[in-house]
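As provided, run.csv (CSV, C-alpha atoms) reads as follows.
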chain,number,residue,atom,x,y,z
A,1,MET,CA,92.1,157.5,56.2
A,2,LYS,CA,93.8,157.6,59.6
A,3,ALA,CA,94.8,161.0,61.0
A,4,ASP,CA,98.3,161.9,62.1
A,5,ILE,CA,100.1,159.0,60.5
A,6,HIS,CA,101.8,160.8,57.6
A,7,PRO,CA,105.2,162.5,58.1
A,8,ASP,CA,105.5,166.3,57.9
A,9,TYR,CA,106.1,167.4,54.3
A,10,HIS,CA,107.9,170.8,54.3
A,11,GLU,CA,110.4,172.9,52.3
A,12,ILE,CA,114.2,172.4,52.6
A,13,THR,CA,117.2,173.7,50.7
A,14,VAL,CA,119.3,171.2,48.7
A,15,VAL,CA,122.9,172.3,48.0
A,16,HIS,CA,124.7,170.6,45.1
A,17,THR,CA,128.4,169.9,44.9
A,18,ASP,CA,128.9,173.0,42.7
A,19,GLY,CA,127.3,175.2,45.3
A,20,SER,CA,124.0,175.8,43.6
A,21,LYS,CA,120.9,175.7,45.9
A,22,HIS,CA,117.4,174.5,45.1
A,23,PRO,CA,114.4,174.7,47.3
A,24,MET,CA,112.5,171.3,47.5
A,25,ARG,CA,109.8,169.8,49.5
A,26,SER,CA,110.7,166.7,51.6
A,27,THR,CA,110.1,164.7,54.7
A,28,TRP,CA,113.8,164.9,55.6
A,29,GLY,CA,114.8,167.1,58.5
A,30,LYS,CA,112.9,170.1,59.8
A,31,PRO,CA,111.4,173.1,57.8
A,32,GLY,CA,114.2,175.3,56.6
A,33,ASP,CA,117.1,172.7,57.0
A,34,VAL,CA,119.9,172.6,54.4
A,35,LEU,CA,120.8,169.2,52.8
A,36,SER,CA,124.3,169.3,51.3
A,37,LEU,CA,124.9,166.5,48.7
A,38,ASP,CA,128.2,164.7,48.4
A,39,ILE,CA,127.2,162.9,45.2
A,40,ASP,CA,124.9,164.4,42.6
A,41,PRO,CA,124.3,164.4,38.8
A,42,LEU,CA,127.1,166.9,38.3
A,43,ASN,CA,129.9,164.5,39.5
A,44,HIS,CA,128.7,160.9,39.5
A,45,PRO,CA,129.6,158.8,36.4
A,46,ALA,CA,126.2,157.2,36.2
A,47,TRP,CA,124.7,160.6,35.3
A,48,LEU,CA,127.4,162.0,33.1
A,49,GLY,CA,125.8,160.8,29.9
A,50,GLY,CA,128.8,159.8,27.8
A,51,LYS,CA,131.2,162.4,29.3
A,52,GLY,CA,134.3,160.6,30.6
A,53,GLN,CA,134.4,156.9,31.1
A,54,LYS,CA,131.3,154.8,31.9
A,55,VAL,CA,131.1,153.0,35.3
A,56,LEU,CA,131.3,149.5,33.6
A,57,GLU,CA,134.4,150.3,31.6
A,58,ARG,CA,136.5,150.7,34.7
A,59,GLY,CA,134.6,148.2,36.9
A,60,GLN,CA,133.2,144.8,36.7
A,61,LEU,CA,133.3,144.5,32.9
A,62,SER,CA,137.1,145.2,32.7
A,63,LYS,CA,137.7,142.7,35.5
A,64,PHE,CA,135.7,140.1,33.6
A,65,GLU,CA,137.5,140.7,30.3
A,66,LYS,CA,140.9,140.6,32.0
A,67,ARG,CA,140.0,137.3,33.6
A,68,PHE,CA,138.1,135.5,30.8
A,69,GLY,CA,139.1,137.5,27.7
A,70,GLY,CA,140.5,134.6,25.7
A,71,PHE,CA,138.1,132.0,26.9
A,72,MET,CA,136.1,131.7,23.8
A,73,ALA,CA,138.9,132.5,21.3
A,74,SER,CA,139.5,129.5,19.1
A,75,THR,CA,142.8,129.1,17.3
A,76,GLY,CA,141.9,125.9,15.6
A,77,GLU,CA,144.6,124.0,17.6
A,78,GLU,CA,144.0,121.7,20.5
A,79,LYS,CA,145.5,123.0,23.7
A,80,GLU,CA,147.4,120.8,26.1
A,81,ASP,CA,146.5,120.9,29.8
A,82,ALA,CA,149.1,121.1,32.6
A,83,LYS,CA,149.4,117.3,32.7
A,84,GLY,CA,150.3,117.1,29.0
A,85,GLY,CA,147.0,115.7,27.8
A,86,LYS,CA,144.9,117.3,25.1
A,87,LYS,CA,141.7,119.0,25.7

Once more with this new file: its structure as structure tokens, please.
Amino acid sequence: MKADIHPDYHEITVVHTDGSKHPMRSTWGKPGDVLSLDIDPLNHPAWLGGKGQKVLERGQLSKFEKRFGGFMASTGEEKEDAKGGKK
């Protein structure tokens, strides 16, 4: 194994959005640096585990349903297109 090719692995402090601090080992920054998180498991919808709305309910899925919601609905009647012909 080659010498001196690996990054320095040292201890830093991670600060969550609620102010709680956790010591961790990382290659980020210098020894003793503080990493403040903007997004963490306490406030991101992907980690909320059923609390609040899911990401898909307000995002792409609702856009899809709004756009194509009645696409597969069958009424048993033939629909006319814009030119007056039947589909």

- [ ] Choose the residue, out of A:Leu61, A:Gly69, A:Ala46, A:Leu37, that has the smallest atom-to-atom separation from A:Val15; count all atoms listed in the file.
- [x] A:Leu37

Task: Given all atoms listed in the file as the counted atoms, nearest of A:Phe64, A:Tyr9, A:Trp47, A:Phe71 to A:Met24 - done: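 For A:Met24, the nearest of the given residues is A:Tyr9.
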
Open item on the list: Restricting the calculation to only C-alpha atoms: of A:Gly29, A:His16, A:Lys21, A:Ser62, which residue gets closest to A:Pro41?
Closed with: A:His16

- [ ] Find the spatial neighbours of A:Thr13, counting only C-alpha atoms, within a cut-off of 12 Å - ignore same-chain residues fewer than 4 positions away - and output them as an MDAnalysis selection string.
- [x] chainID A and resid 19:26 28:37

TODO: Quick one: pull the distance between atom CA of A:Val14 and atom CA of A:Asn43, Å, one decimal.
DONE: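 Calculated distance between atom CA of A:Val14 and atom CA of A:Asn43 is 15.6 Å.
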
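Atom CA of A:Glu11 lies 20.0 Å from atom CA of A:Asp38.
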
Open item on the list: Please compute the atom CA of A:His10-atom CA of A:Ile39 distance, one decimal, in Å.
Closed with: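 A separation of 22.8 Å between them.
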